[in-house]
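Quick notes on the structure that follows.
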Amino acid sequence: MDNRAEVRQFLSTRRGRITPEQAGIEPYGGRRRVPGLRREEVARLAGVSVDYYTRLERGNLTGVSDSVLDAIAGALELDRAEHDHLYDLARTANTSGRKRTAPAPAAGVRPELQYLLDTITGAPAFIGNNRLDILAANTLGYALYSDMYRVPARPANHSRFIFLDPRAHTFYTDWERAANTNVAILRREAGRNPHDKGIAELIGELSMRSDEFRTRWAAHNVRRHYAGTKFFQHPVVGLLELNYQVLGLEEDPGHSLTVYPATPGSASDQALKLLASWAATENIVELAQAGARS
């Protein structure tokens with residue numbers, strides 16, 4: 001990933017979305033060609049010189065201090081995910097001379113983690129990596145994402161499913177939101193792991209094969225994704241409204257545990273029970289694992 005280009009495009013797209021009125025400043029300088037802030041206006045809001053901010057927006061974050069990054073984040077009204085992303089880009093700029101290729105993630109998970117997944121019987125659960133692969137799941141996890149396992153490629157990958165499999169448009173009740181969120185998560189992971197060959201290859205593949213992905217990638221949006229509610233239209237049990245919690249696994253860097261409980265007693269809770277029965281009769285776990293071995 002070209003760090004200078006990433007910095008330039010990220011800062012310019014954030015600047016372009018804020019009008020002077022939104023920033024609480026008086027516009028000046030005659031007719032504006034674009035609705036967003038000008039560089040000199042961002043510099044004024046951040047309390048730095050125009051020349052210095054211009055240098056930063058051109059992609060040179062080398063040596064920039066945390067206080068300046070915070071000031072720019074405030075001027076551009078960055079949210080927490082965007083603020084973190086700016087810090088990640090600066091970290092990469094300041095370690096470019098010590099570039100390292102990230103090791104390939106393990107194809108599976110430690111046995112202890114699979115034991116943990118198997119103890120979760122009332123909700124779908126899976127372990128994923130920073131490339132948005134599903135590395136392991138419990139029975140309900142495989143059942144929830146059963147359509148993802150209808151193709152032989154392993155590991156199953158959320159991004160490939162969303163952008164390359166037509167079934168995703170039915171599975172996600174709001175496909176646009178799912179697509180936007182997926183790209184924003186992947187963009188953040190790319191910023192945190194700029195030398196990860198697998199992430200770079202995934203981005204390259206999706207950019208070549210999907211106009212929908214390519215358009216969203218160019219927006220440079222990022223997002224934190226740790227808790228909330230999702231809706232799925234499962235092909236067997238219908239509509240599912242599930243809460244989700246994502247927990248980082250400190251002993252397995254880059255890996256996380258995601259659990260999707262339903263509200264107790266709800267229609268979705270009953271649907272998960274039906275899904276568990278279906279998964280047992282259809283041998284969905286064996287289907288997923290057989291694909292992984294093939």
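Starting from 1 in every chain, residues are counted up; chains themselves are A, B, ... following the order of the structure tokens, and ligands are numbered from 1 as listed.
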Distance query region 160-167 of chain A at most 7 Å, only C-alpha atoms, self and fewer than 3 positions along chain excluded, as a PDB file with N, CA and C atoms, in the first residue's frame:
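After the write, selection-v5.pdb holds the following:
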```
ATOM      1  N   MET A 148     -22.159 -19.115   2.299  1.00  0.00           N
ATOM      2  CA  MET A 148     -20.757 -18.789   2.058  1.00  0.00           C
ATOM      3  C   MET A 148     -19.950 -20.044   1.760  1.00  0.00           C
ATOM      4  N   ASN A 157     -14.698 -16.054   3.058  1.00  0.00           N
ATOM      5  CA  ASN A 157     -14.308 -14.666   3.271  1.00  0.00           C
ATOM      6  C   ASN A 157     -15.518 -13.754   3.107  1.00  0.00           C
ATOM      7  N   THR A 170     -29.470 -11.135  -1.190  1.00  0.00           N
ATOM      8  CA  THR A 170     -30.665 -11.598  -0.484  1.00  0.00           C
ATOM      9  C   THR A 170     -30.380 -11.829   0.984  1.00  0.00           C
ATOM     10  N   PHE A 171     -29.215 -12.368   1.269  1.00  0.00           N
ATOM     11  CA  PHE A 171     -28.863 -12.723   2.636  1.00  0.00           C
ATOM     12  C   PHE A 171     -28.833 -11.500   3.549  1.00  0.00           C
ATOM     13  N   ALA A 179     -22.288  -3.754   2.520  1.00  0.00           N
ATOM     14  CA  ALA A 179     -21.152  -3.513   1.634  1.00  0.00           C
ATOM     15  C   ALA A 179     -20.322  -2.333   2.119  1.00  0.00           C
ATOM     16  N   SER A 210     -14.964  -6.245  -9.008  1.00  0.00           N
ATOM     17  CA  SER A 210     -16.212  -5.649  -8.546  1.00  0.00           C
ATOM     18  C   SER A 210     -16.185  -4.131  -8.651  1.00  0.00           C
ATOM     19  N   PHE A 213     -17.225  -2.693  -5.240  1.00  0.00           N
ATOM     20  CA  PHE A 213     -16.136  -2.598  -4.272  1.00  0.00           C
ATOM     21  C   PHE A 213     -15.227  -1.425  -4.609  1.00  0.00           C
TER      22      PHE A 213
END
```
Tell me which protein, DNA and RNA residues are within 12 Å of region 110-112 of chain A, counting only C-alpha atoms, leaving out same-chain ones fewer than 2 positions away, and put them as a PyMOL selection string. chain A and resi 106-108+114-119+127+135-137+249+251-252+255
Store the residues of this selection in a file with N, CA and C atoms, as a PDB file, in the first residue's frame.
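What landed in result_12.pdb:
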```
ATOM      1  N   ALA A 106      -2.440 -18.102  10.295  1.00  0.00           N
ATOM      2  CA  ALA A 106      -2.628 -19.546  10.323  1.00  0.00           C
ATOM      3  C   ALA A 106      -3.904 -19.923   9.574  1.00  0.00           C
ATOM      4  N   ALA A 107      -3.877 -21.105   8.948  1.00  0.00           N
ATOM      5  CA  ALA A 107      -5.040 -21.560   8.179  1.00  0.00           C
ATOM      6  C   ALA A 107      -6.205 -21.915   9.088  1.00  0.00           C
ATOM      7  N   GLY A 108      -5.918 -22.264  10.342  1.00  0.00           N
ATOM      8  CA  GLY A 108      -6.963 -22.608  11.284  1.00  0.00           C
ATOM      9  C   GLY A 108      -6.761 -21.887  12.602  1.00  0.00           C
ATOM     10  N   GLN A 114     -11.242 -23.706  19.242  1.00  0.00           N
ATOM     11  CA  GLN A 114     -12.363 -24.483  18.711  1.00  0.00           C
ATOM     12  C   GLN A 114     -13.190 -25.067  19.858  1.00  0.00           C
ATOM     13  N   TYR A 115     -12.525 -25.487  20.947  1.00  0.00           N
ATOM     14  CA  TYR A 115     -13.271 -25.965  22.112  1.00  0.00           C
ATOM     15  C   TYR A 115     -14.180 -24.856  22.642  1.00  0.00           C
ATOM     16  N   LEU A 116     -13.635 -23.628  22.691  1.00  0.00           N
ATOM     17  CA  LEU A 116     -14.420 -22.490  23.155  1.00  0.00           C
ATOM     18  C   LEU A 116     -15.640 -22.281  22.264  1.00  0.00           C
ATOM     19  N   LEU A 117     -15.436 -22.301  20.954  1.00  0.00           N
ATOM     20  CA  LEU A 117     -16.555 -22.133  20.028  1.00  0.00           C
ATOM     21  C   LEU A 117     -17.621 -23.203  20.251  1.00  0.00           C
ATOM     22  N   ASP A 118     -17.175 -24.423  20.465  1.00  0.00           N
ATOM     23  CA  ASP A 118     -18.123 -25.534  20.590  1.00  0.00           C
ATOM     24  C   ASP A 118     -18.946 -25.469  21.872  1.00  0.00           C
ATOM     25  N   THR A 119     -18.462 -24.731  22.872  1.00  0.00           N
ATOM     26  CA  THR A 119     -19.264 -24.576  24.095  1.00  0.00           C
ATOM     27  C   THR A 119     -20.386 -23.560  23.917  1.00  0.00           C
ATOM     28  N   ILE A 127     -14.550 -17.374  14.605  1.00  0.00           N
ATOM     29  CA  ILE A 127     -13.282 -16.672  14.772  1.00  0.00           C
ATOM     30  C   ILE A 127     -12.807 -16.249  13.392  1.00  0.00           C
ATOM     31  N   LEU A 135     -12.160 -18.375  10.058  1.00  0.00           N
ATOM     32  CA  LEU A 135     -11.182 -19.439  10.268  1.00  0.00           C
ATOM     33  C   LEU A 135     -11.775 -20.643  10.963  1.00  0.00           C
ATOM     34  N   ALA A 136     -12.765 -20.433  11.804  1.00  0.00           N
ATOM     35  CA  ALA A 136     -13.416 -21.521  12.533  1.00  0.00           C
ATOM     36  C   ALA A 136     -14.750 -21.011  13.046  1.00  0.00           C
ATOM     37  N   ALA A 137     -15.683 -21.936  13.317  1.00  0.00           N
ATOM     38  CA  ALA A 137     -17.009 -21.535  13.791  1.00  0.00           C
ATOM     39  C   ALA A 137     -17.607 -22.666  14.603  1.00  0.00           C
ATOM     40  N   LEU A 249      -8.727 -11.287  20.370  1.00  0.00           N
ATOM     41  CA  LEU A 249      -8.049 -12.400  21.041  1.00  0.00           C
ATOM     42  C   LEU A 249      -6.577 -12.032  21.199  1.00  0.00           C
ATOM     43  N   GLU A 251      -4.027 -13.325  22.628  1.00  0.00           N
ATOM     44  CA  GLU A 251      -2.999 -14.336  22.424  1.00  0.00           C
ATOM     45  C   GLU A 251      -2.870 -14.740  20.956  1.00  0.00           C
ATOM     46  N   ASP A 252      -3.789 -14.255  20.134  1.00  0.00           N
ATOM     47  CA  ASP A 252      -3.783 -14.571  18.701  1.00  0.00           C
ATOM     48  C   ASP A 252      -3.947 -13.261  17.930  1.00  0.00           C
ATOM     49  N   HIS A 255      -6.716 -11.820  15.280  1.00  0.00           N
ATOM     50  CA  HIS A 255      -7.880 -12.698  15.309  1.00  0.00           C
ATOM     51  C   HIS A 255      -8.918 -12.163  16.297  1.00  0.00           C
TER      52      HIS A 255
END
```
Taking 6 positions as the minimum chain separation for residues in the same chain, which residues sit within 8 Å of region 226-231 of chain A when counting only C-alpha atoms? Answer as a short mmCIF file (atom, residue, chain, number, x, y, z; two decimals) with all heavy atoms, in the first residue's frame.
```cif
data_model
loop_
_atom_site.label_atom_id
_atom_site.label_comp_id
_atom_site.auth_asym_id
_atom_site.auth_seq_id
_atom_site.Cartn_x
_atom_site.Cartn_y
_atom_site.Cartn_z
N TYR A 172 -28.26 -10.40 3.07
CA TYR A 172 -28.23 -9.17 3.86
C TYR A 172 -29.47 -8.35 3.52
O TYR A 172 -29.66 -7.96 2.37
CB TYR A 172 -26.96 -8.37 3.56
CG TYR A 172 -25.69 -9.06 4.00
CD1 TYR A 172 -24.91 -9.75 3.08
CD2 TYR A 172 -25.31 -9.05 5.33
CE1 TYR A 172 -23.75 -10.40 3.47
CE2 TYR A 172 -24.15 -9.70 5.73
CZ TYR A 172 -23.38 -10.37 4.81
OH TYR A 172 -22.24 -11.02 5.21
N THR A 173 -30.29 -8.07 4.51
CA THR A 173 -31.52 -7.32 4.24
C THR A 173 -31.24 -5.91 3.76
O THR A 173 -32.04 -5.29 3.06
CB THR A 173 -32.41 -7.26 5.50
OG1 THR A 173 -31.69 -6.60 6.55
CG2 THR A 173 -32.79 -8.66 5.96
N ASP A 174 -30.10 -5.36 4.15
CA ASP A 174 -29.65 -4.05 3.65
C ASP A 174 -28.25 -4.25 3.08
O ASP A 174 -27.24 -4.02 3.75
CB ASP A 174 -29.64 -3.02 4.78
CG ASP A 174 -29.36 -1.60 4.29
OD1 ASP A 174 -28.86 -1.45 3.16
OD2 ASP A 174 -29.62 -0.65 5.04
N LEU A 239 -36.05 -14.36 8.39
CA LEU A 239 -35.44 -13.16 8.97
C LEU A 239 -34.86 -13.43 10.35
O LEU A 239 -35.52 -14.01 11.21
CB LEU A 239 -36.49 -12.05 9.07
CG LEU A 239 -35.99 -10.70 9.62
CD1 LEU A 239 -34.95 -10.10 8.66
CD2 LEU A 239 -37.16 -9.75 9.82
N LEU A 240 -33.62 -12.98 10.54
CA LEU A 240 -32.94 -13.08 11.82
C LEU A 240 -32.49 -11.69 12.24
O LEU A 240 -31.81 -10.99 11.48
CB LEU A 240 -31.72 -14.00 11.72
CG LEU A 240 -31.98 -15.49 11.54
CD1 LEU A 240 -30.70 -16.22 11.15
CD2 LEU A 240 -32.56 -16.09 12.83
N GLU A 241 -32.86 -11.29 13.44
CA GLU A 241 -32.36 -10.05 14.04
C GLU A 241 -31.43 -10.45 15.18
O GLU A 241 -31.88 -10.96 16.21
CB GLU A 241 -33.51 -9.20 14.56
CG GLU A 241 -33.04 -7.92 15.23
CD GLU A 241 -34.18 -7.08 15.80
OE1 GLU A 241 -35.35 -7.42 15.54
OE2 GLU A 241 -33.89 -6.09 16.51
N LEU A 242 -30.14 -10.24 14.98
CA LEU A 242 -29.15 -10.73 15.93
C LEU A 242 -28.26 -9.59 16.43
O LEU A 242 -27.86 -8.71 15.66
CB LEU A 242 -28.27 -11.81 15.27
CG LEU A 242 -29.00 -13.02 14.69
CD1 LEU A 242 -28.01 -13.95 14.00
CD2 LEU A 242 -29.78 -13.77 15.78
N ASN A 243 -27.98 -9.61 17.71
CA ASN A 243 -26.99 -8.71 18.29
C ASN A 243 -25.61 -9.29 18.00
O ASN A 243 -25.46 -10.50 17.86
CB ASN A 243 -27.20 -8.57 19.79
CG ASN A 243 -28.63 -8.20 20.13
OD1 ASN A 243 -29.14 -7.20 19.65
ND2 ASN A 243 -29.30 -9.02 20.93
N TYR A 244 -24.61 -8.44 17.93
CA TYR A 244 -23.27 -9.00 17.75
C TYR A 244 -22.29 -8.32 18.69
O TYR A 244 -22.43 -7.14 19.03
CB TYR A 244 -22.78 -8.89 16.30
CG TYR A 244 -22.51 -7.48 15.81
CD1 TYR A 244 -21.26 -6.89 15.98
CD2 TYR A 244 -23.50 -6.74 15.17
CE1 TYR A 244 -21.00 -5.61 15.53
CE2 TYR A 244 -23.25 -5.45 14.72
CZ TYR A 244 -22.00 -4.89 14.90
OH TYR A 244 -21.76 -3.61 14.45
N GLN A 245 -21.33 -9.10 19.12
CA GLN A 245 -20.21 -8.62 19.93
C GLN A 245 -18.93 -9.18 19.32
O GLN A 245 -18.86 -10.38 19.03
CB GLN A 245 -20.34 -9.10 21.38
CG GLN A 245 -21.55 -8.56 22.12
CD GLN A 245 -21.42 -7.10 22.48
OE1 GLN A 245 -20.31 -6.59 22.64
NE2 GLN A 245 -22.55 -6.41 22.60
N VAL A 246 -17.94 -8.32 19.13
CA VAL A 246 -16.65 -8.73 18.59
C VAL A 246 -15.59 -8.54 19.66
O VAL A 246 -15.44 -7.43 20.20
CB VAL A 246 -16.29 -7.92 17.33
CG1 VAL A 246 -14.96 -8.42 16.74
CG2 VAL A 246 -17.39 -8.02 16.28
N LEU A 247 -14.87 -9.59 19.98
CA LEU A 247 -13.86 -9.56 21.03
C LEU A 247 -12.51 -9.92 20.45
O LEU A 247 -12.35 -10.97 19.81
CB LEU A 247 -14.22 -10.55 22.15
CG LEU A 247 -15.63 -10.42 22.75
CD1 LEU A 247 -15.89 -11.57 23.71
CD2 LEU A 247 -15.79 -9.09 23.46
#
```
What is the distance between CA of Phe126 (chain A) and CA of Arg154 (chain A), in Å to one decimal?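 About the pair CA of Phe126 (chain A) and CA of Arg154 (chain A): they are 14.7 Å apart.
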Please identify all polymer residues within 9 Å of Asn129 (chain A), counting only C-alpha atoms, omitting same-chain residues fewer than 3 positions from it, and present them as a ChimeraX atom specification. /A:105,132-135,253-256
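We find CA of Met208 (chain A) and CA of His83 (chain A) to be spaced 29.0 Å apart.
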Which of region 27-218 of chain A end up as strand (DSSP E or B) when DSSP is run on this backbone - answer as number ranges by chain? A: 125-129, 133-137, 156-157, 172
Excluding Val7 (chain A) and any residue of its chain fewer than 4 positions from it, enumerate the residues within 12 Å of it, using only C-alpha atoms, and give them as an MDAnalysis selection string. chainID A and resid 1:3 11:14 53:62 82 85:93 191 220
Expected file contents, prior selection, C-alpha atoms, as a short mmCIF file (atom, residue, chain, number, x, y, z; two decimals), in the first residue's frame:
```cif
data_model
loop_
_atom_site.label_atom_id
_atom_site.label_comp_id
_atom_site.auth_asym_id
_atom_site.auth_seq_id
_atom_site.Cartn_x
_atom_site.Cartn_y
_atom_site.Cartn_z
CA MET A 1 0.00 0.00 0.00
CA ASP A 2 1.40 3.41 -1.04
CA ASN A 3 1.39 5.31 2.25
CA LEU A 11 -7.13 13.76 4.18
CA SER A 12 -8.48 15.28 0.97
CA THR A 13 -11.69 13.22 1.12
CA ARG A 14 -12.23 14.16 4.78
CA TYR A 53 -0.60 21.28 6.39
CA THR A 54 -0.05 21.15 2.63
CA ARG A 55 3.03 19.00 3.22
CA LEU A 56 0.98 16.65 5.38
CA GLU A 57 -1.87 16.37 2.91
CA ARG A 58 0.60 15.61 0.14
CA GLY A 59 1.38 12.46 2.06
CA ASN A 60 4.37 13.32 4.21
CA LEU A 61 3.50 12.45 7.80
CA THR A 62 7.10 11.71 8.75
CA GLU A 82 -10.98 7.94 11.41
CA HIS A 85 -6.77 5.48 11.02
CA LEU A 86 -4.85 8.75 10.80
CA TYR A 87 -2.59 7.55 13.61
CA ASP A 88 -2.06 4.25 11.78
CA LEU A 89 -1.04 6.09 8.62
CA ALA A 90 1.38 8.24 10.62
CA ARG A 91 2.84 5.16 12.32
CA THR A 92 3.49 3.60 8.91
CA ALA A 93 5.12 6.79 7.64
CA GLY A 191 -4.21 0.98 7.47
CA HIS A 220 -11.58 6.05 2.01
#
```
Of the candidates A:Leu275, A:Ala288, A:Gly36, A:Val48, which one gets nearest to Gly238 (chain A) if we count only C-alpha atoms? A:Leu275
Pick out the residues sitting within 10 Å of Ile25 (chain A), and hand them over as a compact mmCIF listing (two decimals) with N, CA, C and O atoms, in the first residue's frame; count only C-alpha atoms, and ignore anything fewer than 3 positions along from it in its own chain.
```txt
# COMPACT_ATOMS: atom_id res chain seq x y z
N THR A 19 -18.17 21.64 4.98
CA THR A 19 -18.31 23.00 4.47
C THR A 19 -17.82 24.00 5.52
O THR A 19 -17.77 23.69 6.72
N PRO A 20 -17.48 25.21 5.10
CA PRO A 20 -17.09 26.23 6.09
C PRO A 20 -18.19 26.45 7.14
O PRO A 20 -17.89 26.66 8.32
N GLU A 21 -19.44 26.42 6.70
CA GLU A 21 -20.54 26.62 7.63
C GLU A 21 -20.56 25.53 8.70
O GLU A 21 -20.78 25.80 9.89
N GLN A 22 -20.33 24.29 8.28
CA GLN A 22 -20.29 23.19 9.25
C GLN A 22 -19.13 23.34 10.22
O GLN A 22 -19.21 22.97 11.39
N TYR A 28 -14.14 32.46 2.68
CA TYR A 28 -13.52 33.60 2.02
C TYR A 28 -12.81 33.11 0.77
O TYR A 28 -12.69 31.92 0.52
N LEU A 37 -13.81 22.21 2.69
CA LEU A 37 -12.85 23.19 3.19
C LEU A 37 -11.63 23.27 2.27
O LEU A 37 -11.25 22.28 1.65
N GLU A 41 -7.99 26.72 5.21
CA GLU A 41 -9.01 26.74 6.26
C GLU A 41 -8.77 25.62 7.27
O GLU A 41 -8.92 25.82 8.48
N ARG A 44 -5.86 26.70 9.39
CA ARG A 44 -6.26 27.70 10.38
C ARG A 44 -6.98 27.04 11.55
O ARG A 44 -6.73 27.36 12.73
N LEU A 45 -7.88 26.11 11.25
CA LEU A 45 -8.62 25.42 12.31
C LEU A 45 -7.70 24.56 13.17
O LEU A 45 -7.91 24.43 14.38
```
Would you please give, as a compact mmCIF listing (two decimals) with N, CA, C and O atoms, in the first residue's frame, all residues of region 111-206 of chain A that DSSP assigns to alpha helix (DSSP H) based on the backbone?
```txt
# COMPACT_ATOMS: atom_id res chain seq x y z
N PRO A 111 -6.57 -25.52 18.92
CA PRO A 111 -7.65 -26.41 19.38
C PRO A 111 -8.46 -25.81 20.52
O PRO A 111 -9.68 -25.99 20.57
N GLU A 112 -7.78 -25.09 21.43
CA GLU A 112 -8.50 -24.51 22.56
C GLU A 112 -9.57 -23.52 22.12
O GLU A 112 -10.61 -23.40 22.76
N LEU A 113 -9.32 -22.83 21.02
CA LEU A 113 -10.31 -21.88 20.53
C LEU A 113 -11.49 -22.60 19.90
O LEU A 113 -12.64 -22.14 20.02
N GLN A 114 -11.24 -23.71 19.24
CA GLN A 114 -12.36 -24.48 18.71
C GLN A 114 -13.19 -25.07 19.86
O GLN A 114 -14.42 -25.11 19.77
N TYR A 115 -12.53 -25.49 20.95
CA TYR A 115 -13.27 -25.97 22.11
C TYR A 115 -14.18 -24.86 22.64
O TYR A 115 -15.34 -25.10 23.01
N LEU A 116 -13.64 -23.63 22.69
CA LEU A 116 -14.42 -22.49 23.15
C LEU A 116 -15.64 -22.28 22.26
O LEU A 116 -16.76 -22.11 22.76
N LEU A 117 -15.44 -22.30 20.95
CA LEU A 117 -16.56 -22.13 20.03
C LEU A 117 -17.62 -23.20 20.25
O LEU A 117 -18.83 -22.92 20.24
N ASP A 118 -17.18 -24.42 20.46
CA ASP A 118 -18.12 -25.53 20.59
C ASP A 118 -18.95 -25.47 21.87
O ASP A 118 -20.01 -26.09 21.96
N THR A 119 -18.46 -24.73 22.87
CA THR A 119 -19.26 -24.58 24.10
C THR A 119 -20.39 -23.56 23.92
O THR A 119 -21.30 -23.49 24.74
N THR A 139 -21.38 -24.78 15.32
CA THR A 139 -22.37 -25.31 14.39
C THR A 139 -23.29 -24.22 13.87
O THR A 139 -23.55 -24.11 12.66
N LEU A 140 -23.79 -23.37 14.77
CA LEU A 140 -24.69 -22.30 14.34
C LEU A 140 -23.97 -21.25 13.49
O LEU A 140 -24.57 -20.62 12.61
N GLY A 141 -22.69 -21.06 13.74
CA GLY A 141 -21.93 -20.13 12.92
C GLY A 141 -21.83 -20.60 11.48
O GLY A 141 -22.04 -19.83 10.54
N TYR A 142 -21.51 -21.90 11.31
CA TYR A 142 -21.48 -22.45 9.96
C TYR A 142 -22.87 -22.41 9.32
O TYR A 142 -23.01 -22.13 8.13
N ALA A 143 -23.89 -22.66 10.13
CA ALA A 143 -25.25 -22.67 9.59
C ALA A 143 -25.69 -21.28 9.17
O ALA A 143 -26.35 -21.11 8.13
N LEU A 144 -25.36 -20.27 9.99
CA LEU A 144 -25.75 -18.90 9.63
C LEU A 144 -25.16 -18.52 8.28
O LEU A 144 -25.86 -17.95 7.43
N HIS A 158 -15.74 -12.89 4.09
CA HIS A 158 -16.90 -11.99 4.07
C HIS A 158 -16.90 -11.07 2.85
O HIS A 158 -17.93 -10.86 2.22
N SER A 159 -15.75 -10.50 2.53
CA SER A 159 -15.69 -9.54 1.42
C SER A 159 -15.98 -10.21 0.09
O SER A 159 -16.73 -9.67 -0.74
N ARG A 160 -15.39 -11.37 -0.14
CA ARG A 160 -15.66 -12.07 -1.41
C ARG A 160 -17.13 -12.44 -1.50
O ARG A 160 -17.73 -12.35 -2.58
N PHE A 161 -17.73 -12.87 -0.41
CA PHE A 161 -19.14 -13.24 -0.43
C PHE A 161 -20.01 -12.03 -0.76
O PHE A 161 -20.88 -12.08 -1.64
N ILE A 162 -19.76 -10.91 -0.10
CA ILE A 162 -20.59 -9.72 -0.29
C ILE A 162 -20.50 -9.19 -1.72
O ILE A 162 -21.51 -8.85 -2.34
N PHE A 163 -19.29 -9.16 -2.28
CA PHE A 163 -19.12 -8.50 -3.57
C PHE A 163 -19.08 -9.43 -4.77
O PHE A 163 -19.26 -8.97 -5.91
N LEU A 164 -18.89 -10.72 -4.55
CA LEU A 164 -18.76 -11.62 -5.68
C LEU A 164 -19.83 -12.70 -5.75
O LEU A 164 -19.90 -13.42 -6.75
N ALA A 168 -25.52 -12.94 -1.68
CA ALA A 168 -25.35 -11.97 -0.60
C ALA A 168 -26.40 -10.88 -0.65
O ALA A 168 -26.79 -10.33 0.39
N HIS A 169 -26.89 -10.54 -1.83
CA HIS A 169 -27.88 -9.47 -1.96
C HIS A 169 -29.20 -9.84 -1.30
O HIS A 169 -29.97 -8.97 -0.88
N THR A 170 -29.47 -11.14 -1.19
CA THR A 170 -30.67 -11.60 -0.48
C THR A 170 -30.38 -11.83 0.98
O THR A 170 -31.19 -11.51 1.85
N PHE A 171 -29.22 -12.37 1.27
CA PHE A 171 -28.86 -12.72 2.64
C PHE A 171 -28.83 -11.50 3.55
O PHE A 171 -29.32 -11.54 4.68
N TRP A 175 -28.21 -4.71 1.82
CA TRP A 175 -26.91 -5.05 1.22
C TRP A 175 -26.00 -3.82 1.13
O TRP A 175 -24.79 -3.93 1.34
N GLU A 176 -26.56 -2.66 0.81
CA GLU A 176 -25.75 -1.45 0.68
C GLU A 176 -25.01 -1.15 1.98
O GLU A 176 -23.82 -0.83 1.99
N ARG A 177 -25.73 -1.27 3.08
CA ARG A 177 -25.10 -1.01 4.37
C ARG A 177 -24.02 -2.06 4.66
O ARG A 177 -22.93 -1.71 5.14
N ALA A 178 -24.33 -3.32 4.38
CA ALA A 178 -23.35 -4.38 4.62
C ALA A 178 -22.09 -4.15 3.78
O ALA A 178 -20.97 -4.33 4.26
N ALA A 179 -22.29 -3.75 2.52
CA ALA A 179 -21.15 -3.51 1.63
C ALA A 179 -20.32 -2.33 2.12
O ALA A 179 -19.08 -2.39 2.15
N ASN A 180 -20.98 -1.25 2.49
CA ASN A 180 -20.26 -0.07 2.99
C ASN A 180 -19.47 -0.39 4.25
O ASN A 180 -18.31 0.02 4.41
N THR A 181 -20.11 -1.12 5.17
CA THR A 181 -19.45 -1.48 6.41
C THR A 181 -18.25 -2.38 6.16
O THR A 181 -17.17 -2.19 6.74
N ASN A 182 -18.44 -3.36 5.28
CA ASN A 182 -17.35 -4.30 4.98
C ASN A 182 -16.13 -3.58 4.45
O ASN A 182 -14.99 -3.82 4.91
N VAL A 183 -16.31 -2.68 3.51
CA VAL A 183 -15.18 -1.96 2.93
C VAL A 183 -14.53 -1.04 3.97
O VAL A 183 -13.29 -0.93 4.03
N ALA A 184 -15.34 -0.41 4.81
CA ALA A 184 -14.79 0.48 5.83
C ALA A 184 -13.96 -0.30 6.84
O ALA A 184 -12.92 0.19 7.31
N ILE A 185 -14.38 -1.50 7.18
CA ILE A 185 -13.59 -2.35 8.08
C ILE A 185 -12.29 -2.76 7.41
O ILE A 185 -11.21 -2.70 8.00
N LEU A 186 -12.38 -3.19 6.15
CA LEU A 186 -11.19 -3.63 5.43
C LEU A 186 -10.21 -2.48 5.24
O LEU A 186 -8.99 -2.66 5.35
N ARG A 187 -10.72 -1.27 4.97
CA ARG A 187 -9.84 -0.11 4.83
C ARG A 187 -9.09 0.16 6.13
O ARG A 187 -7.89 0.46 6.14
N ARG A 188 -9.79 0.05 7.26
CA ARG A 188 -9.14 0.27 8.55
C ARG A 188 -8.07 -0.79 8.80
O ARG A 188 -6.97 -0.48 9.28
N GLU A 189 -8.37 -2.05 8.48
CA GLU A 189 -7.39 -3.12 8.67
C GLU A 189 -6.18 -2.91 7.76
O GLU A 189 -5.05 -3.19 8.17
N ALA A 190 -6.40 -2.43 6.55
CA ALA A 190 -5.28 -2.17 5.66
C ALA A 190 -4.38 -1.07 6.21
O ALA A 190 -3.16 -1.13 6.07
N GLY A 191 -5.00 -0.07 6.86
CA GLY A 191 -4.21 0.98 7.47
C GLY A 191 -3.40 0.49 8.66
O GLY A 191 -2.28 0.93 8.90
N ARG A 192 -3.97 -0.44 9.39
CA ARG A 192 -3.28 -0.99 10.57
C ARG A 192 -2.21 -2.00 10.18
O ARG A 192 -1.26 -2.22 10.93
N LYS A 197 0.47 -8.95 2.99
CA LYS A 197 0.34 -9.36 1.59
C LYS A 197 -1.06 -9.88 1.29
O LYS A 197 -1.62 -9.63 0.22
N GLY A 198 -1.63 -10.61 2.24
CA GLY A 198 -2.96 -11.19 2.02
C GLY A 198 -4.03 -10.11 1.87
O GLY A 198 -4.93 -10.22 1.02
N ILE A 199 -3.97 -9.07 2.71
CA ILE A 199 -4.93 -7.97 2.60
C ILE A 199 -4.76 -7.27 1.26
O ILE A 199 -5.74 -6.97 0.56
N ALA A 200 -3.52 -7.02 0.86
CA ALA A 200 -3.26 -6.35 -0.42
C ALA A 200 -3.79 -7.17 -1.59
O ALA A 200 -4.38 -6.63 -2.53
N GLU A 201 -3.60 -8.48 -1.53
CA GLU A 201 -4.07 -9.35 -2.62
C GLU A 201 -5.59 -9.38 -2.67
O GLU A 201 -6.19 -9.38 -3.75
N LEU A 202 -6.24 -9.40 -1.50
CA LEU A 202 -7.70 -9.38 -1.46
C LEU A 202 -8.25 -8.08 -2.05
O LEU A 202 -9.18 -8.10 -2.86
N ILE A 203 -7.66 -6.96 -1.66
CA ILE A 203 -8.09 -5.67 -2.19
C ILE A 203 -7.90 -5.61 -3.70
O ILE A 203 -8.77 -5.14 -4.45
N GLY A 204 -6.77 -6.11 -4.17
CA GLY A 204 -6.51 -6.12 -5.60
C GLY A 204 -7.50 -6.98 -6.37
O GLY A 204 -8.01 -6.57 -7.42
N GLU A 205 -7.81 -8.15 -5.82
CA GLU A 205 -8.78 -9.05 -6.46
C GLU A 205 -10.15 -8.40 -6.55
O GLU A 205 -10.80 -8.40 -7.61
N LEU A 206 -10.61 -7.86 -5.44
CA LEU A 206 -11.95 -7.26 -5.42
C LEU A 206 -12.02 -6.00 -6.29
O LEU A 206 -13.05 -5.74 -6.93
```
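Between CA of Ala73 (chain A) and CA of Ser207 (chain A) the separation is 28.4 Å.
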